[in-house]
file structure.txt (compact mmCIF, N, CA and C atoms)
# COMPACT_ATOMS: atom_id res chain seq x y z
N MET A 329 0.85 -1.20 0.00
CA MET A 329 0.00 0.00 0.00
C MET A 329 0.88 1.24 0.00
N GLU A 330 0.51 2.20 -0.82
CA GLU A 330 1.32 3.41 -0.95
C GLU A 330 1.24 4.24 0.32
N GLY A 331 2.36 4.81 0.72
CA GLY A 331 2.37 5.67 1.90
C GLY A 331 2.37 4.91 3.21
N VAL A 332 2.51 3.59 3.13
CA VAL A 332 2.60 2.79 4.35
C VAL A 332 4.01 2.21 4.45
N TYR A 333 4.69 2.48 5.54
CA TYR A 333 6.07 2.05 5.70
C TYR A 333 6.23 1.20 6.94
N ASN A 334 6.95 0.09 6.78
CA ASN A 334 7.12 -0.84 7.89
C ASN A 334 8.58 -0.94 8.31
N PHE A 335 8.79 -0.95 9.60
CA PHE A 335 10.13 -1.00 10.15
C PHE A 335 10.21 -2.03 11.27
N LYS A 336 11.40 -2.57 11.42
CA LYS A 336 11.69 -3.36 12.61
C LYS A 336 12.45 -2.44 13.56
N VAL A 337 11.95 -2.28 14.77
CA VAL A 337 12.55 -1.36 15.74
C VAL A 337 12.86 -2.11 17.03
N GLY A 338 14.12 -1.99 17.47
CA GLY A 338 14.53 -2.68 18.70
C GLY A 338 13.91 -2.02 19.93
N MET A 339 12.85 -2.63 20.44
CA MET A 339 12.17 -2.11 21.63
C MET A 339 12.10 -3.23 22.66
N THR A 340 12.59 -2.94 23.87
CA THR A 340 12.67 -4.02 24.85
C THR A 340 11.70 -3.90 26.01
N CYS A 341 11.02 -2.76 26.13
CA CYS A 341 10.03 -2.61 27.21
C CYS A 341 8.98 -1.60 26.79
N SER A 342 7.98 -1.39 27.62
CA SER A 342 6.92 -0.45 27.28
C SER A 342 7.43 0.99 27.27
N GLY A 343 8.53 1.24 27.97
CA GLY A 343 9.15 2.56 27.91
C GLY A 343 9.73 2.82 26.53
N CYS A 344 10.29 1.78 25.93
CA CYS A 344 10.84 1.87 24.57
C CYS A 344 9.72 2.13 23.55
N SER A 345 8.68 1.33 23.61
CA SER A 345 7.59 1.50 22.64
C SER A 345 6.86 2.82 22.90
N GLY A 346 6.78 3.23 24.15
CA GLY A 346 6.16 4.51 24.49
C GLY A 346 6.93 5.67 23.90
N ALA A 347 8.24 5.55 23.85
CA ALA A 347 9.08 6.61 23.28
C ALA A 347 8.81 6.72 21.77
N VAL A 348 8.73 5.60 21.10
CA VAL A 348 8.44 5.61 19.66
C VAL A 348 7.04 6.20 19.44
N ASN A 349 6.12 5.83 20.30
CA ASN A 349 4.75 6.35 20.24
C ASN A 349 4.73 7.88 20.36
N ARG A 350 5.48 8.42 21.32
CA ARG A 350 5.49 9.87 21.52
C ARG A 350 6.06 10.60 20.31
N ILE A 351 7.12 10.03 19.74
CA ILE A 351 7.76 10.67 18.59
C ILE A 351 6.84 10.65 17.37
N LEU A 352 6.21 9.51 17.11
CA LEU A 352 5.32 9.44 15.95
C LEU A 352 4.07 10.29 16.15
N SER A 353 3.62 10.40 17.38
CA SER A 353 2.43 11.23 17.67
C SER A 353 2.66 12.69 17.33
N LYS A 354 3.91 13.14 17.51
CA LYS A 354 4.23 14.55 17.30
C LYS A 354 4.73 14.85 15.89
N ALA A 355 5.00 13.80 15.11
CA ALA A 355 5.63 14.01 13.80
C ALA A 355 4.64 14.53 12.77
N GLU A 356 5.07 15.56 12.03
CA GLU A 356 4.23 16.10 10.96
C GLU A 356 4.21 15.14 9.78
N GLY A 357 3.02 14.98 9.20
CA GLY A 357 2.90 14.14 8.02
C GLY A 357 2.56 12.69 8.33
N VAL A 358 2.60 12.33 9.61
CA VAL A 358 2.25 10.97 10.01
C VAL A 358 0.74 10.93 10.30
N LYS A 359 0.03 10.14 9.50
CA LYS A 359 -1.43 10.10 9.61
C LYS A 359 -1.85 9.13 10.71
N SER A 360 -1.25 7.97 10.72
CA SER A 360 -1.52 7.01 11.77
C SER A 360 -0.36 6.04 11.86
N PHE A 361 -0.34 5.25 12.92
CA PHE A 361 0.75 4.27 13.07
C PHE A 361 0.35 3.18 14.02
N ASP A 362 1.09 2.10 13.95
CA ASP A 362 0.85 0.96 14.83
C ASP A 362 2.20 0.46 15.33
N ILE A 363 2.30 0.25 16.61
CA ILE A 363 3.55 -0.19 17.22
C ILE A 363 3.31 -1.51 17.95
N SER A 364 4.11 -2.52 17.63
CA SER A 364 4.01 -3.78 18.37
C SER A 364 5.32 -4.09 19.07
N LEU A 365 5.26 -4.03 20.39
CA LEU A 365 6.43 -4.38 21.19
C LEU A 365 6.74 -5.87 21.02
N GLU A 366 5.69 -6.66 20.90
CA GLU A 366 5.85 -8.11 20.81
C GLU A 366 6.60 -8.55 19.55
N THR A 367 6.19 -7.96 18.42
CA THR A 367 6.82 -8.37 17.15
C THR A 367 7.95 -7.43 16.75
N GLN A 368 8.13 -6.33 17.52
CA GLN A 368 9.17 -5.33 17.22
C GLN A 368 8.91 -4.63 15.90
N LYS A 369 7.65 -4.58 15.51
CA LYS A 369 7.32 -3.95 14.24
C LYS A 369 6.57 -2.63 14.43
N VAL A 370 6.94 -1.67 13.59
CA VAL A 370 6.28 -0.36 13.59
C VAL A 370 5.79 -0.10 12.17
N SER A 371 4.52 0.16 12.04
CA SER A 371 3.92 0.45 10.74
C SER A 371 3.42 1.89 10.76
N VAL A 372 3.81 2.65 9.74
CA VAL A 372 3.48 4.07 9.71
C VAL A 372 2.74 4.42 8.43
N VAL A 373 1.62 5.09 8.56
CA VAL A 373 0.87 5.58 7.41
C VAL A 373 1.18 7.07 7.25
N ALA A 374 1.84 7.40 6.15
CA ALA A 374 2.26 8.79 5.90
C ALA A 374 2.29 9.02 4.39
N PRO A 375 1.11 9.29 3.82
CA PRO A 375 0.97 9.37 2.36
C PRO A 375 1.85 10.46 1.72
N ASP A 376 2.16 11.52 2.46
CA ASP A 376 2.91 12.64 1.88
C ASP A 376 4.40 12.59 2.19
N LEU A 377 4.84 11.52 2.85
CA LEU A 377 6.27 11.41 3.20
C LEU A 377 6.91 10.25 2.45
N THR A 378 8.22 10.36 2.24
CA THR A 378 8.95 9.26 1.62
C THR A 378 9.38 8.27 2.71
N GLN A 379 9.81 7.10 2.28
CA GLN A 379 10.30 6.11 3.24
C GLN A 379 11.49 6.66 4.03
N ASP A 380 12.38 7.37 3.33
CA ASP A 380 13.54 7.95 4.01
C ASP A 380 13.13 8.94 5.10
N GLN A 381 12.15 9.75 4.80
CA GLN A 381 11.69 10.74 5.78
C GLN A 381 11.10 10.05 7.01
N VAL A 382 10.32 9.02 6.78
CA VAL A 382 9.71 8.31 7.92
C VAL A 382 10.80 7.57 8.70
N PHE A 383 11.76 7.01 8.00
CA PHE A 383 12.89 6.33 8.65
C PHE A 383 13.61 7.28 9.61
N GLU A 384 13.85 8.51 9.14
CA GLU A 384 14.55 9.50 9.98
C GLU A 384 13.72 9.87 11.22
N ILE A 385 12.42 9.94 11.06
CA ILE A 385 11.54 10.23 12.21
C ILE A 385 11.64 9.11 13.24
N VAL A 386 11.51 7.88 12.76
CA VAL A 386 11.54 6.74 13.68
C VAL A 386 12.90 6.64 14.36
N LYS A 387 13.96 6.95 13.63
CA LYS A 387 15.32 6.87 14.17
C LYS A 387 15.57 7.85 15.31
N LYS A 388 14.80 8.94 15.35
CA LYS A 388 14.97 9.93 16.40
C LYS A 388 14.84 9.32 17.80
N ALA A 389 14.09 8.24 17.89
CA ALA A 389 13.91 7.61 19.20
C ALA A 389 15.20 6.98 19.73
N GLY A 390 16.21 6.86 18.85
CA GLY A 390 17.49 6.31 19.30
C GLY A 390 17.53 4.79 19.36
N LYS A 391 16.50 4.14 18.80
CA LYS A 391 16.46 2.68 18.79
C LYS A 391 17.04 2.16 17.47
N PRO A 392 17.54 0.93 17.50
CA PRO A 392 17.96 0.32 16.22
C PRO A 392 16.75 0.15 15.32
N VAL A 393 16.87 0.65 14.08
CA VAL A 393 15.74 0.59 13.12
C VAL A 393 16.20 -0.03 11.82
N GLU A 394 15.39 -0.92 11.26
CA GLU A 394 15.65 -1.36 9.89
C GLU A 394 14.35 -1.39 9.10
N VAL A 395 14.49 -1.12 7.80
CA VAL A 395 13.33 -1.10 6.92
C VAL A 395 12.88 -2.52 6.64
N LEU A 396 11.57 -2.74 6.68
CA LEU A 396 11.04 -4.07 6.34
C LEU A 396 10.39 -4.04 4.96
N MET B 46 28.34 23.83 38.09
CA MET B 46 29.40 23.96 37.09
C MET B 46 28.79 24.44 35.77
N GLU B 47 29.45 25.38 35.15
CA GLU B 47 28.91 25.93 33.91
C GLU B 47 28.98 24.90 32.78
N GLY B 48 27.93 24.88 31.98
CA GLY B 48 27.92 23.96 30.85
C GLY B 48 27.58 22.53 31.21
N VAL B 49 27.20 22.33 32.47
CA VAL B 49 26.77 20.99 32.90
C VAL B 49 25.28 21.04 33.22
N TYR B 50 24.52 20.19 32.57
CA TYR B 50 23.06 20.21 32.73
C TYR B 50 22.58 18.84 33.19
N ASN B 51 21.69 18.87 34.18
CA ASN B 51 21.18 17.63 34.74
C ASN B 51 19.68 17.48 34.52
N PHE B 52 19.29 16.29 34.15
CA PHE B 52 17.89 16.01 33.86
C PHE B 52 17.47 14.71 34.52
N LYS B 53 16.17 14.67 34.81
CA LYS B 53 15.58 13.40 35.20
C LYS B 53 14.87 12.86 33.96
N VAL B 54 15.21 11.65 33.57
CA VAL B 54 14.66 11.07 32.34
C VAL B 54 14.02 9.73 32.65
N GLY B 55 12.77 9.57 32.24
CA GLY B 55 12.06 8.31 32.49
C GLY B 55 12.60 7.18 31.64
N MET B 56 13.43 6.34 32.24
CA MET B 56 14.02 5.21 31.52
C MET B 56 13.72 3.95 32.31
N THR B 57 13.12 2.97 31.65
CA THR B 57 12.69 1.79 32.41
C THR B 57 13.48 0.52 32.11
N CYS B 58 14.33 0.56 31.11
CA CYS B 58 15.16 -0.62 30.83
C CYS B 58 16.43 -0.18 30.12
N SER B 59 17.33 -1.11 29.86
CA SER B 59 18.59 -0.75 29.20
C SER B 59 18.37 -0.32 27.75
N GLY B 60 17.24 -0.71 27.19
CA GLY B 60 16.90 -0.23 25.84
C GLY B 60 16.59 1.26 25.87
N CYS B 61 15.94 1.68 26.95
CA CYS B 61 15.63 3.11 27.14
C CYS B 61 16.91 3.92 27.33
N SER B 62 17.76 3.49 28.24
CA SER B 62 18.98 4.24 28.49
C SER B 62 19.91 4.18 27.28
N GLY B 63 19.88 3.06 26.57
CA GLY B 63 20.68 2.94 25.34
C GLY B 63 20.24 3.93 24.28
N ALA B 64 18.95 4.19 24.22
CA ALA B 64 18.42 5.15 23.24
C ALA B 64 18.92 6.56 23.56
N VAL B 65 18.89 6.91 24.83
CA VAL B 65 19.38 8.22 25.24
C VAL B 65 20.88 8.31 24.95
N ASN B 66 21.58 7.23 25.20
CA ASN B 66 23.01 7.16 24.92
C ASN B 66 23.30 7.40 23.44
N ARG B 67 22.54 6.77 22.57
CA ARG B 67 22.78 6.93 21.13
C ARG B 67 22.54 8.36 20.68
N ILE B 68 21.48 8.96 21.20
CA ILE B 68 21.15 10.34 20.81
C ILE B 68 22.22 11.32 21.29
N LEU B 69 22.66 11.16 22.53
CA LEU B 69 23.68 12.08 23.05
C LEU B 69 25.02 11.86 22.36
N SER B 70 25.32 10.63 21.99
CA SER B 70 26.57 10.33 21.31
C SER B 70 26.67 11.03 19.96
N LYS B 71 25.51 11.21 19.31
CA LYS B 71 25.50 11.80 17.98
C LYS B 71 25.28 13.31 18.00
N ALA B 72 24.94 13.87 19.16
CA ALA B 72 24.56 15.28 19.23
C ALA B 72 25.78 16.19 19.15
N GLU B 73 25.66 17.23 18.31
CA GLU B 73 26.75 18.21 18.20
C GLU B 73 26.77 19.09 19.44
N GLY B 74 27.96 19.38 19.91
CA GLY B 74 28.11 20.28 21.05
C GLY B 74 28.12 19.56 22.39
N VAL B 75 27.81 18.28 22.38
CA VAL B 75 27.85 17.50 23.63
C VAL B 75 29.25 16.92 23.80
N LYS B 76 29.90 17.37 24.86
CA LYS B 76 31.29 16.97 25.09
C LYS B 76 31.36 15.61 25.78
N SER B 77 30.55 15.45 26.79
CA SER B 77 30.49 14.15 27.48
C SER B 77 29.16 14.06 28.22
N PHE B 78 28.84 12.88 28.68
CA PHE B 78 27.57 12.72 29.41
C PHE B 78 27.61 11.46 30.26
N ASP B 79 26.70 11.43 31.21
CA ASP B 79 26.58 10.27 32.08
C ASP B 79 25.11 9.92 32.24
N ILE B 80 24.78 8.66 32.07
CA ILE B 80 23.39 8.22 32.14
C ILE B 80 23.27 7.17 33.23
N SER B 81 22.35 7.37 34.17
CA SER B 81 22.10 6.36 35.19
C SER B 81 20.67 5.85 35.09
N LEU B 82 20.54 4.61 34.69
CA LEU B 82 19.22 3.99 34.63
C LEU B 82 18.67 3.84 36.05
N GLU B 83 19.55 3.56 37.00
CA GLU B 83 19.13 3.32 38.38
C GLU B 83 18.51 4.58 39.01
N THR B 84 19.19 5.72 38.83
CA THR B 84 18.69 6.95 39.46
C THR B 84 17.83 7.77 38.51
N GLN B 85 17.73 7.33 37.23
CA GLN B 85 16.95 8.05 36.22
C GLN B 85 17.55 9.43 35.92
N LYS B 86 18.83 9.56 36.17
CA LYS B 86 19.46 10.86 35.96
C LYS B 86 20.40 10.86 34.76
N VAL B 87 20.36 11.96 34.02
CA VAL B 87 21.24 12.15 32.88
C VAL B 87 21.97 13.47 33.08
N SER B 88 23.29 13.42 33.05
CA SER B 88 24.11 14.61 33.21
C SER B 88 24.87 14.84 31.91
N VAL B 89 24.78 16.07 31.39
CA VAL B 89 25.37 16.36 30.09
C VAL B 89 26.36 17.53 30.22
N VAL B 90 27.55 17.35 29.70
CA VAL B 90 28.55 18.42 29.65
C VAL B 90 28.54 18.99 28.23
N ALA B 91 28.11 20.24 28.13
CA ALA B 91 28.01 20.89 26.82
C ALA B 91 28.27 22.38 26.99
N PRO B 92 29.53 22.78 27.07
CA PRO B 92 29.89 24.17 27.38
C PRO B 92 29.35 25.19 26.38
N ASP B 93 29.14 24.78 25.13
CA ASP B 93 28.70 25.75 24.12
C ASP B 93 27.20 25.73 23.87
N LEU B 94 26.47 24.94 24.64
CA LEU B 94 25.02 24.86 24.46
C LEU B 94 24.29 25.42 25.68
N THR B 95 23.07 25.90 25.44
CA THR B 95 22.23 26.36 26.55
C THR B 95 21.48 25.16 27.13
N GLN B 96 20.90 25.39 28.31
CA GLN B 96 20.10 24.32 28.92
C GLN B 96 18.93 23.93 28.01
N ASP B 97 18.30 24.93 27.40
CA ASP B 97 17.18 24.65 26.49
C ASP B 97 17.60 23.78 25.32
N GLN B 98 18.77 24.08 24.77
CA GLN B 98 19.25 23.29 23.63
C GLN B 98 19.51 21.84 24.02
N VAL B 99 20.10 21.66 25.19
CA VAL B 99 20.38 20.29 25.64
C VAL B 99 19.08 19.56 25.98
N PHE B 100 18.15 20.30 26.56
CA PHE B 100 16.83 19.73 26.88
C PHE B 100 16.17 19.18 25.61
N GLU B 101 16.23 19.96 24.53
CA GLU B 101 15.62 19.54 23.27
C GLU B 101 16.30 18.30 22.70
N ILE B 102 17.61 18.21 22.86
CA ILE B 102 18.34 17.02 22.41
C ILE B 102 17.88 15.79 23.18
N VAL B 103 17.85 15.92 24.49
CA VAL B 103 17.47 14.77 25.34
C VAL B 103 16.02 14.36 25.04
N LYS B 104 15.16 15.34 24.79
CA LYS B 104 13.75 15.06 24.53
C LYS B 104 13.52 14.26 23.26
N LYS B 105 14.48 14.36 22.33
CA LYS B 105 14.35 13.61 21.07
C LYS B 105 14.15 12.12 21.30
N ALA B 106 14.64 11.62 22.42
CA ALA B 106 14.52 10.19 22.69
C ALA B 106 13.08 9.78 22.96
N GLY B 107 12.19 10.78 23.16
CA GLY B 107 10.79 10.46 23.36
C GLY B 107 10.45 10.04 24.78
N LYS B 108 11.40 10.22 25.69
CA LYS B 108 11.17 9.87 27.10
C LYS B 108 10.69 11.11 27.87
N PRO B 109 9.99 10.90 28.97
CA PRO B 109 9.65 12.04 29.82
C PRO B 109 10.94 12.64 30.41
N VAL B 110 11.10 13.95 30.25
CA VAL B 110 12.32 14.63 30.71
C VAL B 110 11.94 15.81 31.59
N GLU B 111 12.63 15.98 32.71
CA GLU B 111 12.50 17.23 33.46
C GLU B 111 13.88 17.72 33.88
N VAL B 112 13.99 19.04 33.96
CA VAL B 112 15.25 19.67 34.34
C VAL B 112 15.47 19.51 35.84
N LEU B 113 16.68 19.16 36.23
CA LEU B 113 17.01 19.07 37.67
C LEU B 113 17.85 20.26 38.09
call {"tool": "encode", "arguments": {"input": "structure.txt", "output": "C-alpha cells"}}
result
Amino acid sequence: MEGVYNFKVGMTCSGCSGAVNRILSKAEGVKSFDISLETQKVSVVAPDLTQDQVFEIVKKAGKPVEVL
Amino acid sequence: MEGVYNFKVGMTCSGCSGAVNRILSKAEGVKSFDISLETQKVSVVAPDLTQDQVFEIVKKAGKPVEVL
C-alpha cells in the first residue's frame, strides 16, 4: 500500500515503545501508526512522506531501526 | 558547574537508556555525558550549548524529561 512504511525497531520494554509512540504522535505528516512491542514492528501511514523521511523520524527515538 | 546540565529522564530498561546514549553520542556540542538507569538521571557536559538546547536534544529520545 502506498504511503505505508514498515520497520523493525529494537524495543525491549513499554518505555521503549512509548518513546516511539510519543515521537510518531508529534511528527508532521504521520497520519496514523501501529507499534508492536511483541513483534518489534512499527507500521506508519504517511501518504505525503517518503520512506527515508519516515525512517529518519523513527530513528529519532534512538532505537535500532531497519526497513522491512 | 557551567555547561553541565542535569535532567531526570524516564528510563525503564537498558533499551531506554541505550536510546538516550545513542542520541547524546551523535549530538553536536555535547562533550560528554553520564546516564544512570538506576537513578533516572542524565548529566550532560556541553559548554557551548544552553540548557534549552540540551533539553531539546534529550527530549528527542521520546522519554519524559525534566530539568534538575
call {"tool": "interface_residues", "arguments": {"input": "structure.txt", "of": "chain B", "to": "chain A", "cutoff": "7 Å", "atoms": "only C-alpha atoms", "output": "list of chain:residue names"}}
result
B:Met56, B:Thr57, B:Cys58, B:Gly60, B:Cys61, B:Ala64, B:Val65, B:Arg67, B:Ile68, B:Lys105, B:Ala106, B:Gly107, B:Lys108
call {"tool": "residues_around", "arguments": {"input": "structure.txt", "residues": "Asp97 in chain B", "least_positions_apart": "2", "cutoff": "12 Å", "atoms": "only C-alpha atoms", "output": "PyMOL selection string"}}
result
chain B and resi 48+50-52+91+93-95+99-104+110-112
call {"tool": "calpha_fit_and_write", "arguments": {"input": "structure.txt", "fixed": "chain B", "moving": "chain A", "output": "tab-separated table (two decimals) with N, CA and C atoms, keeping the file's coordinate frame"}}
result
chain	number	residue	atom	x	y	z
A	329	MET	N	28.36	23.85	38.12
A	329	MET	CA	29.42	23.97	37.10
A	329	MET	C	28.80	24.44	35.79
A	330	GLU	N	29.46	25.38	35.15
A	330	GLU	CA	28.92	25.95	33.91
A	330	GLU	C	28.97	24.92	32.79
A	331	GLY	N	27.93	24.89	31.98
A	331	GLY	CA	27.91	23.98	30.84
A	331	GLY	C	27.57	22.55	31.21
A	332	VAL	N	27.20	22.34	32.47
A	332	VAL	CA	26.78	21.00	32.89
A	332	VAL	C	25.28	21.04	33.21
A	333	TYR	N	24.51	20.19	32.57
A	333	TYR	CA	23.07	20.20	32.73
A	333	TYR	C	22.57	18.85	33.19
A	334	ASN	N	21.69	18.87	34.18
A	334	ASN	CA	21.18	17.63	34.74
A	334	ASN	C	19.68	17.48	34.51
A	335	PHE	N	19.29	16.29	34.15
A	335	PHE	CA	17.89	16.01	33.85
A	335	PHE	C	17.46	14.71	34.52
A	336	LYS	N	16.18	14.67	34.82
A	336	LYS	CA	15.57	13.40	35.21
A	336	LYS	C	14.87	12.87	33.97
A	337	VAL	N	15.20	11.66	33.57
A	337	VAL	CA	14.65	11.07	32.34
A	337	VAL	C	14.02	9.72	32.66
A	338	GLY	N	12.75	9.57	32.25
A	338	GLY	CA	12.04	8.31	32.52
A	338	GLY	C	12.59	7.18	31.65
A	339	MET	N	13.43	6.35	32.24
A	339	MET	CA	14.01	5.21	31.53
A	339	MET	C	13.71	3.95	32.33
A	340	THR	N	13.12	2.96	31.66
A	340	THR	CA	12.69	1.78	32.41
A	340	THR	C	13.48	0.52	32.12
A	341	CYS	N	14.34	0.55	31.10
A	341	CYS	CA	15.17	-0.63	30.81
A	341	CYS	C	16.44	-0.19	30.12
A	342	SER	N	17.33	-1.12	29.84
A	342	SER	CA	18.59	-0.77	29.19
A	342	SER	C	18.37	-0.32	27.75
A	343	GLY	N	17.24	-0.72	27.16
A	343	GLY	CA	16.90	-0.23	25.83
A	343	GLY	C	16.59	1.26	25.87
A	344	CYS	N	15.94	1.69	26.94
A	344	CYS	CA	15.62	3.11	27.14
A	344	CYS	C	16.91	3.93	27.33
A	345	SER	N	17.76	3.48	28.23
A	345	SER	CA	18.99	4.24	28.48
A	345	SER	C	19.91	4.17	27.26
A	346	GLY	N	19.88	3.06	26.55
A	346	GLY	CA	20.68	2.92	25.33
A	346	GLY	C	20.24	3.91	24.27
A	347	ALA	N	18.95	4.18	24.21
A	347	ALA	CA	18.42	5.14	23.23
A	347	ALA	C	18.92	6.55	23.57
A	348	VAL	N	18.89	6.90	24.83
A	348	VAL	CA	19.38	8.22	25.25
A	348	VAL	C	20.89	8.30	24.95
A	349	ASN	N	21.58	7.22	25.20
A	349	ASN	CA	23.02	7.14	24.92
A	349	ASN	C	23.31	7.39	23.43
A	350	ARG	N	22.54	6.75	22.55
A	350	ARG	CA	22.78	6.91	21.12
A	350	ARG	C	22.54	8.34	20.66
A	351	ILE	N	21.49	8.95	21.21
A	351	ILE	CA	21.16	10.32	20.81
A	351	ILE	C	22.23	11.30	21.29
A	352	LEU	N	22.66	11.16	22.54
A	352	LEU	CA	23.68	12.07	23.05
A	352	LEU	C	25.03	11.85	22.37
A	353	SER	N	25.31	10.62	22.00
A	353	SER	CA	26.58	10.31	21.30
A	353	SER	C	26.68	11.03	19.97
A	354	LYS	N	25.52	11.21	19.31
A	354	LYS	CA	25.51	11.80	17.98
A	354	LYS	C	25.29	13.31	18.00
A	355	ALA	N	24.94	13.86	19.17
A	355	ALA	CA	24.57	15.27	19.23
A	355	ALA	C	25.78	16.19	19.15
A	356	GLU	N	25.66	17.22	18.31
A	356	GLU	CA	26.74	18.21	18.21
A	356	GLU	C	26.75	19.10	19.44
A	357	GLY	N	27.96	19.39	19.92
A	357	GLY	CA	28.09	20.28	21.06
A	357	GLY	C	28.10	19.58	22.40
A	358	VAL	N	27.81	18.28	22.39
A	358	VAL	CA	27.83	17.51	23.63
A	358	VAL	C	29.25	16.93	23.81
A	359	LYS	N	29.90	17.37	24.88
A	359	LYS	CA	31.30	16.97	25.10
A	359	LYS	C	31.36	15.61	25.79
A	360	SER	N	30.56	15.44	26.81
A	360	SER	CA	30.48	14.16	27.48
A	360	SER	C	29.16	14.06	28.21
A	361	PHE	N	28.83	12.87	28.67
A	361	PHE	CA	27.57	12.70	29.41
A	361	PHE	C	27.61	11.46	30.25
A	362	ASP	N	26.70	11.41	31.19
A	362	ASP	CA	26.58	10.25	32.07
A	362	ASP	C	25.11	9.91	32.22
A	363	ILE	N	24.78	8.66	32.06
A	363	ILE	CA	23.39	8.22	32.13
A	363	ILE	C	23.27	7.16	33.23
A	364	SER	N	22.35	7.38	34.16
A	364	SER	CA	22.10	6.35	35.18
A	364	SER	C	20.66	5.86	35.09
A	365	LEU	N	20.54	4.61	34.69
A	365	LEU	CA	19.22	3.99	34.64
A	365	LEU	C	18.66	3.85	36.06
A	366	GLU	N	19.55	3.57	36.99
A	366	GLU	CA	19.13	3.34	38.38
A	366	GLU	C	18.51	4.58	39.03
A	367	THR	N	19.18	5.72	38.83
A	367	THR	CA	18.68	6.95	39.47
A	367	THR	C	17.82	7.77	38.52
A	368	GLN	N	17.74	7.34	37.24
A	368	GLN	CA	16.96	8.06	36.21
A	368	GLN	C	17.54	9.44	35.94
A	369	LYS	N	18.83	9.58	36.18
A	369	LYS	CA	19.46	10.87	35.97
A	369	LYS	C	20.41	10.87	34.77
A	370	VAL	N	20.36	11.97	34.03
A	370	VAL	CA	21.25	12.15	32.88
A	370	VAL	C	21.98	13.47	33.08
A	371	SER	N	23.28	13.42	33.05
A	371	SER	CA	24.11	14.61	33.21
A	371	SER	C	24.87	14.84	31.91
A	372	VAL	N	24.78	16.07	31.40
A	372	VAL	CA	25.38	16.37	30.11
A	372	VAL	C	26.35	17.53	30.22
A	373	VAL	N	27.54	17.36	29.71
A	373	VAL	CA	28.53	18.43	29.66
A	373	VAL	C	28.54	18.99	28.24
A	374	ALA	N	28.12	20.25	28.13
A	374	ALA	CA	28.01	20.90	26.81
A	374	ALA	C	28.25	22.40	26.99
A	375	PRO	N	29.53	22.78	27.06
A	375	PRO	CA	29.90	24.16	27.40
A	375	PRO	C	29.35	25.20	26.41
A	376	ASP	N	29.14	24.81	25.15
A	376	ASP	CA	28.71	25.77	24.13
A	376	ASP	C	27.20	25.75	23.88
A	377	LEU	N	26.48	24.95	24.66
A	377	LEU	CA	25.02	24.86	24.46
A	377	LEU	C	24.29	25.42	25.68
A	378	THR	N	23.07	25.90	25.44
A	378	THR	CA	22.24	26.36	26.55
A	378	THR	C	21.47	25.17	27.13
A	379	GLN	N	20.90	25.38	28.30
A	379	GLN	CA	20.09	24.33	28.92
A	379	GLN	C	18.93	23.93	28.01
A	380	ASP	N	18.30	24.94	27.39
A	380	ASP	CA	17.18	24.65	26.49
A	380	ASP	C	17.61	23.77	25.31
A	381	GLN	N	18.76	24.07	24.76
A	381	GLN	CA	19.25	23.28	23.62
A	381	GLN	C	19.51	21.83	24.03
A	382	VAL	N	20.10	21.66	25.19
A	382	VAL	CA	20.39	20.29	25.65
A	382	VAL	C	19.08	19.57	25.98
A	383	PHE	N	18.15	20.29	26.57
A	383	PHE	CA	16.82	19.72	26.88
A	383	PHE	C	16.16	19.18	25.61
A	384	GLU	N	16.23	19.96	24.53
A	384	GLU	CA	15.62	19.54	23.26
A	384	GLU	C	16.31	18.29	22.69
A	385	ILE	N	17.61	18.21	22.86
A	385	ILE	CA	18.35	17.01	22.40
A	385	ILE	C	17.89	15.78	23.18
A	386	VAL	N	17.85	15.92	24.50
A	386	VAL	CA	17.47	14.78	25.33
A	386	VAL	C	16.03	14.37	25.04
A	387	LYS	N	15.17	15.34	24.79
A	387	LYS	CA	13.75	15.06	24.53
A	387	LYS	C	13.53	14.26	23.25
A	388	LYS	N	14.48	14.34	22.31
A	388	LYS	CA	14.34	13.61	21.06
A	388	LYS	C	14.15	12.11	21.29
A	389	ALA	N	14.66	11.62	22.40
A	389	ALA	CA	14.52	10.18	22.67
A	389	ALA	C	13.07	9.78	22.94
A	390	GLY	N	12.20	10.78	23.15
A	390	GLY	CA	10.78	10.46	23.37
A	390	GLY	C	10.45	10.05	24.79
A	391	LYS	N	11.41	10.23	25.71
A	391	LYS	CA	11.17	9.88	27.11
A	391	LYS	C	10.70	11.12	27.88
A	392	PRO	N	9.98	10.90	28.97
A	392	PRO	CA	9.65	12.05	29.83
A	392	PRO	C	10.92	12.63	30.41
A	393	VAL	N	11.08	13.96	30.25
A	393	VAL	CA	12.31	14.64	30.73
A	393	VAL	C	11.94	15.82	31.60
A	394	GLU	N	12.64	15.98	32.72
A	394	GLU	CA	12.51	17.23	33.47
A	394	GLU	C	13.88	17.73	33.90
A	395	VAL	N	13.99	19.05	33.97
A	395	VAL	CA	15.25	19.67	34.35
A	395	VAL	C	15.46	19.52	35.85
A	396	LEU	N	16.68	19.17	36.23
A	396	LEU	CA	16.99	19.08	37.67
A	396	LEU	C	17.83	20.27	38.11
call {"tool": "closest_residue", "arguments": {"input": "structure.txt", "among": "A:Gln379, A:Lys336, A:Leu396, A:Val372", "to": "Lys359 in chain A", "atoms": "only N, CA and C atoms"}}
result
A:Val372
call {"tool": "atom_distance", "arguments": {"input": "structure.txt", "atom1": "atom C of Ser70 in chain B", "atom2": "CA of Thr84 in chain B"}}
result
21.5 Å
call {"tool": "atom_distance", "arguments": {"input": "structure.txt", "atom1": "atom N of Gln98 in chain B", "atom2": "CA of Ser81 in chain B"}}
result
20.8 Å
call {"tool": "select_by_dssp", "arguments": {"input": "structure.txt", "residues": "chain B", "states": "strand (DSSP E)", "output": "PyMOL selection string"}}
result
chain B and resi 49-54+77-81+86-90+110-112
call {"tool": "atom_distance", "arguments": {"input": "structure.txt", "atom1": "CA of Glu356 in chain A", "atom2": "CA of Gly74 in chain B"}}
result
26.3 Å
call {"tool": "residues_around", "arguments": {"input": "structure.txt", "residues": "Phe361 in chain A", "least_positions_apart": "6", "cutoff": "7 Å", "atoms": "all atoms listed in the file", "output": "PyMOL selection string"}}
result
chain A and resi 370-373
